[in-house]
$ cat target_36.tsv   # TSV, C-alpha atoms
chain	number	residue	atom	x	y	z
A	1	MET	CA	0.00	0.00	0.00
A	2	GLU	CA	1.43	3.34	-1.03
A	3	LEU	CA	1.24	5.91	1.75
A	4	VAL	CA	0.36	9.52	0.96
A	5	ASP	CA	1.98	12.14	3.12
A	6	PRO	CA	-0.89	14.25	4.53
A	7	PHE	CA	1.51	17.14	5.08
A	8	ALA	CA	3.00	17.09	1.58
A	9	GLU	CA	1.88	20.64	0.73
A	10	TRP	CA	2.60	22.03	4.19
A	11	ILE	CA	5.87	23.86	4.92
A	12	PRO	CA	7.53	24.04	8.38
A	13	LEU	CA	7.88	27.63	9.54
A	14	THR	CA	11.51	26.98	10.47
A	15	ALA	CA	12.27	26.05	6.84
A	16	GLN	CA	10.60	28.90	4.94
A	17	VAL	CA	8.29	31.89	5.48
A	18	PRO	CA	5.66	33.26	3.05
A	19	ARG	CA	6.01	36.44	1.05
A	20	LYS	CA	4.89	39.66	2.70
A	21	ASP	CA	1.07	40.05	2.49
A	22	GLN	CA	0.66	36.53	1.04
A	23	LEU	CA	-2.64	34.75	1.79
A	24	VAL	CA	-1.89	31.27	3.13
A	25	ARG	CA	-3.30	28.46	5.25
A	26	VAL	CA	-1.67	28.07	8.66
A	27	MET	CA	-1.83	25.55	11.46
A	28	THR	CA	-1.07	26.70	14.98
A	29	ILE	CA	0.92	24.79	17.56
A	30	GLY	CA	-2.41	23.84	19.14
A	31	GLY	CA	-3.56	22.21	15.87
A	32	ILE	CA	-6.05	24.92	14.79
A	33	GLU	CA	-6.18	25.91	11.09
A	34	HIS	CA	-6.73	29.44	9.75
A	35	ARG	CA	-6.76	31.31	6.46
A	36	ALA	CA	-4.40	34.17	7.21
A	37	VAL	CA	-2.31	36.91	5.64
A	38	PHE	CA	1.39	37.02	6.51
A	39	THR	CA	2.13	40.60	7.57
A	40	VAL	CA	5.51	42.21	8.25
A	41	ALA	CA	5.45	45.55	10.06
A	42	TYR	CA	9.23	45.90	10.48
A	43	THR	CA	12.37	43.71	10.25
A	44	THR	CA	14.81	45.40	12.59
A	45	ASP	CA	14.36	42.69	15.23
A	46	TRP	CA	13.11	39.83	13.06
A	47	PRO	CA	10.80	38.00	13.54
A	48	GLU	CA	9.17	40.23	16.19
A	49	GLY	CA	7.62	42.45	13.50
A	50	ALA	CA	5.99	39.53	11.65
A	51	SER	CA	2.53	38.16	12.41
A	52	TRP	CA	-0.46	36.29	10.91
A	53	MET	CA	-3.73	38.15	10.27
A	54	PRO	CA	-6.67	35.69	10.06
A	55	THR	CA	-9.25	36.54	7.38
A	56	LYS	CA	-12.08	36.08	9.88
A	57	ASP	CA	-12.61	38.26	12.91
A	58	GLU	CA	-10.07	36.42	15.00
A	59	GLU	CA	-7.15	37.49	17.14
A	60	VAL	CA	-3.87	38.21	15.37
A	61	LEU	CA	-1.37	35.36	15.70
A	62	SER	CA	2.24	36.01	16.60
A	63	PHE	CA	4.98	34.63	14.37
A	64	TRP	CA	5.74	31.64	16.62
A	65	ASP	CA	2.05	30.70	17.13
A	66	VAL	CA	2.26	28.88	13.77
A	67	TRP	CA	4.35	25.78	13.13
A	68	ILE	CA	3.40	24.84	9.52
A	69	TRP	CA	1.76	26.71	6.64
A	70	SER	CA	0.60	26.04	3.06
A	71	GLN	CA	0.61	28.27	-0.02
A	72	ASN	CA	-2.88	26.91	-0.75
A	73	PRO	CA	-5.33	28.94	1.40
A	74	GLU	CA	-7.87	26.09	1.19
A	75	ALA	CA	-5.44	23.32	2.17
A	76	SER	CA	-6.48	20.91	4.88
A	77	ALA	CA	-4.21	18.86	7.09
A	78	PRO	CA	-5.97	15.58	7.91
A	79	THR	CA	-5.33	13.65	11.08
A	80	LEU	CA	-3.04	10.65	10.90
A	81	GLU	CA	-6.02	8.30	11.30
A	82	GLU	CA	-7.78	9.87	8.30
A	83	ALA	CA	-4.65	9.85	6.16
A	84	TRP	CA	-3.75	6.17	6.20
A	85	THR	CA	-3.88	2.83	7.94
A	86	PRO	CA	-0.38	1.42	7.43
A	87	GLU	CA	-0.02	-2.24	6.59
A	88	PRO	CA	2.24	-4.31	8.84
A	89	VAL	CA	5.86	-4.14	7.74
A	90	GLU	CA	8.29	-6.90	8.57
A	91	SER	CA	11.10	-5.61	10.73
A	92	VAL	CA	14.45	-5.69	8.98
A	93	PRO	CA	17.53	-5.84	11.21
A	94	ALA	CA	20.19	-3.22	10.69
A	95	PRO	CA	23.04	-4.49	8.49
A	96	ALA	CA	26.23	-5.46	10.24
A	97	LEU	CA	28.90	-2.79	10.00
A	98	ASN	CA	32.18	-3.69	8.34
A	99	GLU	CA	35.32	-2.09	9.70
A	100	GLU	CA	35.73	0.03	6.54
A	101	ASP	CA	32.10	1.25	6.72
A	102	ARG	CA	32.38	2.83	10.15
A	103	VAL	CA	32.21	6.62	10.19
A	104	TYR	CA	33.09	6.83	13.88
A	105	HIS	CA	36.61	7.56	14.96
A	106	PRO	CA	37.84	8.64	18.40
A	107	ALA	CA	37.88	12.32	17.37
A	108	LEU	CA	34.09	12.54	16.87
A	109	ALA	CA	33.10	12.90	20.53
A	110	THR	CA	36.16	15.06	21.16
A	111	ALA	CA	35.20	17.37	18.27
A	112	LEU	CA	31.65	17.71	19.62
A	113	LEU	CA	32.90	18.55	23.11
A	114	ASP	CA	35.31	21.12	21.65
A	115	GLU	CA	32.59	22.80	19.55
A	116	ILE	CA	30.24	22.93	22.54
A	117	SER	CA	32.96	24.72	24.52
A	118	ARG	CA	33.58	27.14	21.63
A	119	GLY	CA	29.86	27.86	21.48
A	120	LYS	CA	29.84	28.87	25.14
A	121	VAL	CA	32.75	31.26	24.57
A	122	LEU	CA	31.02	32.71	21.51
A	123	LEU	CA	27.71	33.33	23.31
A	124	ALA	CA	29.59	35.15	26.07
A	125	GLY	CA	29.99	38.00	23.57
A	126	LEU	CA	26.23	38.56	23.23
A	127	ASP	CA	24.47	41.65	24.53
A	128	ASP	CA	20.79	42.51	24.70
A	129	GLY	CA	21.07	45.31	22.17
A	130	GLY	CA	22.28	43.08	19.35
A	131	LEU	CA	19.97	40.07	19.72
A	132	GLY	CA	17.42	41.31	17.18
A	133	TRP	CA	19.96	42.50	14.63
A	134	SER	CA	20.34	40.98	11.18
A	135	PRO	CA	21.90	42.54	8.06
A	136	GLN	CA	18.79	41.66	6.02
A	137	PRO	CA	15.47	39.81	6.53
A	138	SER	CA	16.62	36.63	4.78
A	139	ILE	CA	19.45	36.18	7.31
A	140	PRO	CA	18.48	34.94	10.81
A	141	SER	CA	19.04	37.43	13.61
A	142	VAL	CA	21.72	37.04	16.27
A	143	GLY	CA	19.11	35.90	18.79
A	144	THR	CA	17.59	33.37	16.37
A	145	LEU	CA	20.99	31.81	15.64
A	146	ALA	CA	21.82	31.67	19.35
A	147	CYS	CA	18.56	29.82	20.03
A	148	ARG	CA	19.35	27.43	17.16
A	149	ALA	CA	22.61	26.59	18.92
A	150	LEU	CA	20.51	25.67	21.98
A	151	ARG	CA	18.31	23.45	19.81
A	152	VAL	CA	21.35	21.64	18.36
A	153	LEU	CA	22.50	20.91	21.93
A	154	GLU	CA	19.14	19.33	22.68
A	155	ARG	CA	19.27	17.24	19.51
A	156	ILE	CA	22.73	15.94	20.36
A	157	GLN	CA	21.45	14.76	23.73
A	158	TRP	CA	18.43	13.06	22.11
A	159	ILE	CA	20.67	11.26	19.60
A	160	VAL	CA	22.93	9.97	22.37
A	161	GLU	CA	20.18	8.89	24.76
A	162	ILE	CA	17.26	7.88	22.48
A	163	ASP	CA	17.34	5.28	19.69
A	164	GLU	CA	14.34	6.75	17.83
A	165	THR	CA	13.35	10.42	17.56
A	166	GLU	CA	10.02	11.75	16.22
A	167	ARG	CA	10.28	15.10	14.46
A	168	THR	CA	6.76	16.27	15.26
A	169	LEU	CA	7.36	15.83	19.00
A	170	GLU	CA	10.18	18.37	19.01
A	171	PRO	CA	9.15	21.35	21.19
A	172	SER	CA	8.53	24.76	19.65
A	173	PRO	CA	11.53	27.13	19.55
A	174	VAL	CA	12.10	28.73	22.93
A	175	GLU	CA	11.87	32.52	22.93
A	176	LEU	CA	14.61	34.03	25.10
A	177	SER	CA	14.67	37.81	25.28
A	178	THR	CA	17.98	38.56	27.00
A	179	ALA	CA	21.59	37.59	26.41
A	180	LYS	CA	21.90	36.26	29.97
A	181	GLU	CA	18.92	33.93	29.47
A	182	ILE	CA	20.56	32.51	26.34
A	183	GLN	CA	23.96	32.15	28.03
A	184	ASP	CA	22.47	30.44	31.10
A	185	ALA	CA	20.31	28.12	28.97
A	186	TYR	CA	23.35	27.09	26.90
A	187	ALA	CA	25.50	26.48	29.98
A	188	ASN	CA	22.76	24.42	31.64
A	189	GLY	CA	22.07	22.47	28.44
A	190	ALA	CA	25.75	21.77	27.84
A	191	LYS	CA	26.25	19.98	31.18
A	192	PRO	CA	24.13	16.85	30.49
A	193	VAL	CA	25.31	16.76	26.87
A	194	ARG	CA	28.96	16.76	27.91
A	195	ALA	CA	28.29	14.02	30.45
A	196	ALA	CA	26.47	11.92	27.84
A	197	LEU	CA	29.25	12.33	25.27
A	198	GLU	CA	32.00	11.54	27.77
A	199	ASN	CA	30.28	8.24	28.66
A	200	LEU	CA	29.63	7.26	25.05
A	201	THR	CA	31.10	3.89	24.05
A	202	ASP	CA	32.15	2.56	20.65
A	203	ASP	CA	29.35	0.00	20.73
A	204	ALA	CA	26.74	2.69	21.39
A	205	LEU	CA	28.02	4.73	18.44
A	206	GLU	CA	27.62	1.75	16.12
A	207	GLU	CA	24.03	1.03	17.17
A	208	PRO	CA	21.22	1.88	14.70
A	209	TRP	CA	19.43	5.21	15.15
A	210	LYS	CA	16.15	6.30	13.55
A	211	LEU	CA	14.49	9.63	12.76
A	212	THR	CA	10.73	9.43	12.14
A	213	TYR	CA	8.15	11.92	10.84
A	214	THR	CA	4.46	11.43	11.61
A	215	GLY	CA	5.30	7.93	12.77
A	216	ARG	CA	7.14	6.83	9.62
A	217	PRO	CA	10.92	6.27	9.35
A	218	ARG	CA	12.69	9.00	7.41
A	219	VAL	CA	16.32	8.29	8.31
A	220	GLU	CA	17.89	5.05	9.54
A	221	ILE	CA	21.63	5.33	10.21
A	222	THR	CA	24.11	4.61	12.99
A	223	ARG	CA	24.24	6.84	16.04
A	224	ALA	CA	27.72	7.99	14.99
A	225	GLU	CA	26.42	9.15	11.60
A	226	ALA	CA	23.51	10.91	13.32
A	227	LEU	CA	25.87	12.78	15.64
A	228	LEU	CA	27.96	13.87	12.67
A	229	ILE	CA	25.04	14.89	10.40
A	230	TYR	CA	22.57	16.31	12.93
A	231	GLY	CA	24.97	17.34	15.69
A	232	LEU	CA	28.49	18.37	14.74
A	233	ARG	CA	27.82	19.80	11.26
A	234	PRO	CA	24.85	22.03	12.21
A	235	LEU	CA	26.58	23.19	15.39
A	236	VAL	CA	29.64	24.27	13.40
A	237	SER	CA	27.39	25.93	10.79
A	238	VAL	CA	25.27	27.85	13.30
A	239	THR	CA	28.21	29.07	15.39
A	240	ALA	CA	30.07	30.12	12.22
A	241	GLU	CA	27.09	32.24	11.09
A	242	LEU	CA	26.72	33.65	14.58
A	243	SER	CA	30.40	34.59	14.85
A	244	VAL	CA	30.19	36.64	11.63
A	245	LEU	CA	27.22	38.66	12.94
A	246	ILE	CA	28.84	39.18	16.34
A	247	ARG	CA	31.99	40.45	14.62
A	248	ALA	CA	29.86	42.77	12.48
A	249	LEU	CA	28.43	44.26	15.68
A	250	GLY	CA	31.96	45.22	16.71
A	251	HIS	CA	32.58	42.52	19.31
A	252	THR	CA	35.94	40.77	19.49
A	253	ILE	CA	36.01	37.00	19.03
A	254	GLU	CA	39.01	34.92	20.01
A	255	HIS	CA	40.91	33.67	16.99
A	256	PRO	CA	40.36	29.88	16.61
A	257	THR	CA	43.97	29.19	15.60
A	258	PRO	CA	46.14	32.06	16.90
A	259	GLU	CA	49.32	30.06	16.39
A	260	TRP	CA	48.61	29.60	12.66
A	261	PRO	CA	46.56	32.47	11.20
A	262	PHE	CA	45.94	33.05	7.50
A	263	GLY	CA	48.52	35.24	5.80
A	264	ASP	CA	46.04	38.01	5.00
A	265	GLU	CA	44.78	38.34	8.61
A	266	PRO	CA	46.04	41.12	10.90
A	267	GLU	CA	47.18	38.46	13.38
A	268	ALA	CA	49.78	37.23	10.86
A	269	LEU	CA	51.55	40.61	10.78
A	270	ILE	CA	51.93	41.07	14.53
A	271	VAL	CA	55.61	41.04	15.56
A	272	PRO	CA	56.08	40.64	19.34
A	273	GLU	CA	58.90	42.55	20.98
A	274	PHE	CA	61.98	40.55	21.92
A	275	ASP	CA	65.57	41.03	22.99
A	276	GLU	CA	67.88	40.88	20.01
A	277	GLU	CA	71.44	39.65	20.31
A	278	ALA	CA	74.24	41.40	18.47
A	279	LEU	CA	75.18	39.86	15.16
A	280	ASP	CA	78.56	38.20	15.04
A	281	GLU	CA	78.67	38.28	11.26
A	282	PRO	CA	76.25	40.79	9.65
A	283	GLY	CA	74.66	39.88	6.36
A	284	LEU	CA	74.39	36.12	6.84
A	285	ASP	CA	71.78	34.31	4.75
A	286	ALA	CA	69.01	33.37	7.18
A	287	GLU	CA	67.78	30.47	5.06
A	288	GLU	CA	71.16	28.76	5.21
A	289	ASP	CA	72.47	29.67	8.66
A	290	VAL	CA	70.89	27.52	11.39
A	291	CYS	CA	72.72	27.02	14.69
A	292	PRO	CA	71.97	25.55	18.14
A	293	ALA	CA	70.31	27.84	20.69
A	294	ASP	CA	71.86	28.46	24.08
A	295	ASP	CA	69.14	26.42	25.82
A	296	GLY	CA	69.49	23.42	23.53
A	297	GLY	CA	66.84	24.50	21.02
A	298	GLN	CA	67.24	25.78	17.50
A	299	ALA	CA	68.09	29.38	16.56
A	300	LEU	CA	68.17	31.26	13.27
A	301	ASN	CA	70.65	34.01	12.44
A	302	LEU	CA	68.52	36.62	10.68
A	303	PRO	CA	69.86	39.82	9.08
A	304	ASP	CA	68.45	41.82	12.00
A	305	GLY	CA	69.20	39.47	14.87
A	306	ARG	CA	69.33	35.95	16.26
A	307	VAL	CA	65.93	34.27	16.73
A	308	ASP	CA	65.72	31.63	19.46
A	309	SER	CA	62.69	29.39	18.77
A	310	HIS	CA	62.43	28.39	22.45
A	311	THR	CA	61.94	31.90	23.82
A	312	PHE	CA	59.66	33.83	21.48
A	313	ARG	CA	57.94	34.01	18.10
A	314	SER	CA	58.83	36.56	15.45
A	315	TYR	CA	58.10	37.25	11.82
A	316	ASP	CA	60.72	38.89	9.63
A	317	GLU	CA	58.97	40.57	6.68
A	318	ARG	CA	62.07	40.70	4.46
A	319	THR	CA	63.24	37.12	4.75
A	320	ARG	CA	59.82	35.45	5.36
A	321	ILE	CA	61.30	33.38	8.17
A	322	ARG	CA	59.10	32.43	11.12
A	323	ALA	CA	60.37	31.00	14.39
A	324	GLU	CA	57.66	29.52	16.60
A	325	ARG	CA	57.52	28.89	20.34
A	326	VAL	CA	57.83	25.13	21.09
$ encode --input "target_36.tsv" --output "structure tokens"
Amino acid sequence: MELVDPFAEWIPLTAQVPRKDQLVRVMTIGGIEHRAVFTVAYTTDWPEGASWMPTKDEEVLSFWDVWIWSQNPEASAPTLEEAWTPEPVESVPAPALNEEDRVYHPALATALLDEISRGKVLLAGLDDGGLGWSPQPSIPSVGTLACRALRVLERIQWIVEIDETERTLEPSPVELSTAKEIQDAYANGAKPVRAALENLTDDALEEPWKLTYTGRPRVEITRAEALLIYGLRPLVSVTAELSVLIRALGHTIEHPTPEWPFGDEPEALIVPEFDEEALDEPGLDAEEDVCPADDGGQALNLPDGRVDSHTFRSYDERTRIRAERV
């Protein structure tokens, strides 16, 4: 029996919004349908200025009162019982994983823990004044991206602790109005996630994991693949977007790799002060003259001085020679 998706013409609000002043069909979080016009009064603190105006004499709906909508104003979302009566399907065991098929490696949990820590540092730069800012309506605001980071944390915990997750049971996005609320929510959410990841075993990562939608399987993969696809990748994506907006607001963000910046970044041109030793033989070729340092390390005789790699880092613009701290 071929199943027809009763929500085929319905669009999740988190995936796409209608055009301004477009007449659509909406379904609220409480399961009530309306014919409504999507109105946008202002976009400076998106989506606070957006709302839904029902065509009948009904109360205006806020943006987050709706969870799905349809471009067809007469669309109807039937109940699951009206849509289908699924035939029994024989359970098929998950295929055994070969060693070469495994996507898990020891760095996966470590990478997740590292990104969670970076997210906490990033959110520390938030302030109340910038939460509603976005360079244009099509780009999520700072506050929206911060709340998405919270949602990714929740999803990571679900993947680790639950073998099957139903999309329609996911709670509505939480509206947090202050930077402190977001920072506290992230810190509190990170604690159980870190504990769950730290206790994760190889066997648990190789177990099958399932994502369902309206009761039907949509994705069936290993828990390791789920953590990579629905945990690590979106967390990196959201925090990357958020860091760009926070920088645009004038806040300083710690460089992710200060010891190895890109050549066109200001960090690459910083030359720390250091004590130079007098040259014994001026004019030596720095690329050819390498000698032991006094403390047993390696030193370079540059045209302007002797660089000891154990005591400082410097960058000589003329010779393009870098000596790093070890």
$ residues_around --input "target_36.tsv" --residues "Val60 in chain A" --least-positions-apart "3" --cutoff "12 Å" --atoms "only C-alpha atoms" --output "ChimeraX atom specification"
/A:28,34-39,50-57,63-66
$ residues_around --input "target_36.tsv" --residues "range 122-131 of chain A" --least-positions-apart "6" --cutoff "9 Å" --atoms "all atoms listed in the file" --output "ChimeraX atom specification"
/A:45,141-144,146,177-180,182-183,186,239,242-243,246,249,251-254
$ closest_residue --input "target_36.tsv" --among "A:Leu23, A:Leu235, A:Val160, A:Phe262" --to "Arg118 in chain A" --atoms "all atoms listed in the file"
A:Leu235
$ closest_residue --input "target_36.tsv" --among "A:Ala111, A:Ile29, A:Ala41, A:Leu211" --to "Arg167 in chain A" --atoms "only C-alpha atoms"
A:Leu211
$ atom_distance --input "target_36.tsv" --atom1 "CA of Val26 in chain A" --atom2 "CA of Trp67 in chain A"
7.8 Å
$ atom_distance --input "target_36.tsv" --atom1 "CA of Leu150 in chain A" --atom2 "CA of Thr43 in chain A"
23.0 Å
$ atom_distance --input "target_36.tsv" --atom1 "CA of Ile159 in chain A" --atom2 "CA of Val244 in chain A"
28.3 Å
$ closest_residue --input "target_36.tsv" --among "A:Glu59, A:Glu9, A:Glu175, A:Glu166" --to "Leu145 in chain A" --atoms "only C-alpha atoms"
A:Glu175
$ closest_residue --input "target_36.tsv" --among "A:Val236, A:Ile32, A:Ala226, A:Ala75" --to "Leu61 in chain A" --atoms "all atoms listed in the file"
A:Ile32
